[in-house]
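Data block for entry.cif (mmCIF, C-alpha atoms and all ligand atoms):
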```
data_input
loop_
_atom_site.label_atom_id
_atom_site.label_comp_id
_atom_site.auth_asym_id
_atom_site.auth_seq_id
_atom_site.Cartn_x
_atom_site.Cartn_y
_atom_site.Cartn_z
CA MET A 1 0.00 0.00 0.00
CA PRO A 2 1.40 3.40 -0.93
CA LYS A 3 2.42 5.69 1.93
CA ILE A 4 1.38 9.36 1.94
CA THR A 5 3.43 11.90 3.87
CA VAL A 6 1.45 15.10 4.44
CA GLU A 7 3.26 18.35 5.25
CA ASP A 8 0.88 20.95 6.74
CA THR A 9 2.03 24.31 5.35
CA GLU A 10 0.25 26.19 8.16
CA THR A 11 1.61 24.35 11.19
CA GLY A 12 4.64 22.50 9.82
CA GLU A 13 3.16 19.27 11.20
CA VAL A 14 3.95 16.08 9.27
CA GLN A 15 1.56 13.13 9.24
CA THR A 16 1.63 9.84 7.35
CA PHE A 17 -1.00 7.36 6.32
CA LYS A 18 -1.42 4.43 3.93
CA ILE A 19 -3.77 4.32 0.98
CA GLY A 20 -4.96 1.51 -1.28
CA TYR A 21 -3.29 1.29 -4.70
CA GLY A 22 -5.10 3.74 -7.01
CA GLY A 23 -7.05 5.21 -4.09
CA ASN A 24 -8.46 8.74 -4.08
CA LEU A 25 -6.22 11.02 -2.01
CA ARG A 26 -8.95 13.36 -0.68
CA GLN A 27 -11.26 10.53 0.34
CA ALA A 28 -8.46 8.61 2.08
CA ALA A 29 -7.23 11.71 3.93
CA LEU A 30 -10.76 12.51 5.14
CA HIS A 31 -11.18 8.91 6.28
CA LYS A 32 -7.95 9.21 8.32
CA GLY A 33 -9.01 12.58 9.77
CA ILE A 34 -6.31 14.51 7.92
CA ASN A 35 -7.38 17.95 6.72
CA LEU A 36 -6.09 19.12 3.32
CA TYR A 37 -7.89 22.49 3.53
CA LYS A 38 -6.87 25.86 4.89
CA GLY A 39 -9.22 27.70 7.25
CA MET A 40 -12.92 27.79 6.38
CA ASN A 41 -12.28 25.82 3.19
CA GLU A 42 -12.53 22.70 5.35
CA GLN A 43 -16.28 23.38 5.55
CA LEU A 44 -16.84 25.43 2.37
CA ASN A 45 -15.18 23.16 -0.21
CA CYS A 46 -17.09 21.50 -3.08
CA HIS A 47 -16.84 18.06 -1.41
CA GLY A 48 -14.76 16.57 -4.19
CA LEU A 49 -16.71 17.76 -7.22
CA GLY A 50 -13.58 19.43 -8.63
CA SER A 51 -15.09 22.90 -8.85
CA CYS A 52 -13.64 24.88 -5.90
CA GLY A 53 -9.89 24.27 -6.29
CA THR A 54 -9.31 24.51 -2.52
CA CYS A 55 -7.92 20.97 -2.18
CA LEU A 56 -4.79 22.04 -4.10
CA ILE A 57 -1.67 20.11 -3.08
CA GLU A 58 1.95 19.94 -4.18
CA VAL A 59 3.01 16.37 -4.98
CA THR A 60 6.42 14.68 -5.07
CA PRO A 61 7.11 12.56 -7.08
CA LEU A 62 4.47 13.12 -9.74
CA GLU A 63 5.25 9.74 -11.30
CA ASN A 64 3.33 8.06 -8.46
CA VAL A 65 0.01 9.77 -9.16
CA ASN A 66 -2.32 10.02 -12.15
CA GLY A 67 -1.82 12.76 -14.72
CA HIS A 68 -3.79 15.97 -14.73
CA SER A 69 -7.49 15.48 -15.37
CA ILE A 70 -9.54 17.71 -17.65
CA ILE A 71 -10.81 19.58 -14.58
CA GLU A 72 -7.22 20.24 -13.40
CA LYS A 73 -6.35 21.52 -16.87
CA LEU A 74 -9.38 23.85 -16.78
CA HIS A 75 -8.16 25.15 -13.38
CA LYS A 76 -4.68 25.62 -14.97
CA ILE A 77 -3.04 23.67 -12.14
CA SER A 78 0.76 23.85 -12.49
CA ASP A 79 2.73 20.69 -13.29
CA ASN A 80 3.93 19.97 -9.73
CA LYS A 81 0.48 20.40 -8.17
CA LYS A 82 -2.79 18.45 -8.20
CA LEU A 83 -6.28 18.71 -6.81
CA GLY A 84 -6.53 16.26 -3.92
CA CYS A 85 -9.99 15.21 -5.06
CA ARG A 86 -8.63 14.34 -8.52
CA THR A 87 -5.51 12.50 -7.34
CA LYS A 88 -5.15 8.73 -7.54
CA VAL A 89 -2.11 7.31 -5.77
CA TYR A 90 0.05 4.49 -7.19
CA GLY A 91 3.18 4.77 -5.04
CA ASP A 92 4.71 6.57 -2.05
CA ILE A 93 4.34 10.36 -2.24
CA THR A 94 4.90 13.47 -0.15
CA ILE A 95 2.38 16.28 -0.39
CA LYS A 96 2.18 19.84 0.84
CA ALA A 97 -1.36 20.67 1.91
CA LYS A 98 -3.39 23.79 2.79
CA LEU A 99 -2.06 25.87 -0.12
CA VAL A 100 -5.26 27.83 -0.88
CA ASP A 101 -6.69 30.62 1.33
S1 LIG B 1 -12.65 19.56 -3.16
FE1 LIG B 1 -13.20 21.20 -4.49
S2 LIG B 1 -11.80 20.98 -6.15
FE2 LIG B 1 -11.28 19.35 -4.82
#
```
Output the file's structure as structure tokens, nothing else.
Ligand code: FES
Amino acid sequence: MPKITVEDTETGEVQTFKIGYGGNLRQAALHKGINLYKGMNEQLNCHGLGSCGTCLIEVTPLENVNGHSIIEKLHKISDNKKLGCRTKVYGDITIKAKLVD
């Protein structure tokens, strides 16, 4: 099972959790009680529909996640970032979370 290391850009806290191969990053993080959102976005996000852009994360290495979806291209997400709700995980990654105010 791939391991996710989450760096909280607000607090500097680092947490890790495991995810099933090909699992959805946002759903797995929520299930583990790990918040990817900054401030009120934890309550005001689009709940994974891909419309709000507040689940933005920086991912390393990109080879261990799926490529940018059409929605991420519409949001003009830069190459080293992904939307957590549109990220499928295929290997160990480190992410930076809480990037969007
Ligand atoms: S939760 Fe809104 S875009 Fe991902």
Practice problem: Would you mind listing the residues within 9 Å of ligand LIG 1 (chain B), counting only C-alpha atoms and all ligand atoms, as a list in words? | Solution: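 What falls inside 9 Å of ligand LIG 1 (chain B) is Arg26, Tyr37, Asn41, Leu44, Asn45, Cys46, His47, Gly48, Leu49, Gly50, Ser51, Cys52, Gly53, Thr54, Cys55, Leu56, Ile71, Glu72, Leu83, Gly84, Cys85 and Arg86 of chain A.
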Quiz item: Nearest to Thr60 of chain A: which of A:Lys32, A:Lys88, A:Lys96, A:Lys38 is it, counting all atoms listed in the file?
Solution: A:Lys96
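Minimum atom-to-atom distances from A:Ser69, A:Thr87, A:Asn35, A:Gln43 to Asp8 of chain A were compared using only C-alpha atoms, and the lowest value belongs to A:Asn35.
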Quiz item: A:Gln27, A:Thr5, A:Asn66, A:Gln15: which is nearest Lys82 of chain A, counting only C-alpha atoms?
Solution: A:Asn66
Practice problem: Point out the residue among A:Pro2, A:Gly33, A:Gly23, A:Gly39 with the least atom-to-atom distance to Val100 of chain A, counting all atoms listed in the file. | Solution: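 For Val100 of chain A, the nearest of the candidates is A:Gly39.
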Quiz item: What is the atom CA of Leu99 of chain A to atom CA of Met1 of chain A distance in Å?
Solution: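 Rounded to one decimal, the two atoms are 26.0 Å apart.
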Exercise. Find, counting only C-alpha atoms, the residue in A:Asp92, A:Asp101, A:Glu10, A:Glu42 that gets nearest to Asn64 of chain A.
Key: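 Using only C-alpha atoms, Asn64 of chain A sits closest to A:Asp92.
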Quiz prompt | For atom CA of Glu63 of chain A and atom CA of Ala97 of chain A, the interatomic separation in Å (one decimal) | solution = 18.4 Å
Exercise. Tell me which of A:Thr16, A:Thr11, A:Leu25, A:Ile4 sits closest to Pro61 of chain A, counting only C-alpha atoms.
Key: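 Of A:Thr16, A:Thr11, A:Leu25, A:Ile4, the one nearest Pro61 of chain A is A:Ile4, counting only C-alpha atoms.
Rounded to one decimal, atom CA of Lys73 of chain A and atom CA of Val14 of chain A lie 28.6 Å from each other.
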Mind giving me the axis-aligned box for segment 61-64 of chain A with 3 Å on every side, centre plus edges in Å to one decimal, as JSON?
```
{"center_x": 5.2, "center_y": 10.6, "center_z": -9.2, "size_x": 9.8, "size_y": 11.1, "size_z": 10.2}
```
Quiz prompt | Shell of 8 Å around Val59 of chain A, only C-alpha atoms, local chain residues under 4 positions omitted, as a list in words | solution =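 Everything that qualifies: Asn80, Lys81, Lys82, Ile93, Thr94, Ile95 and Lys96 of chain A.
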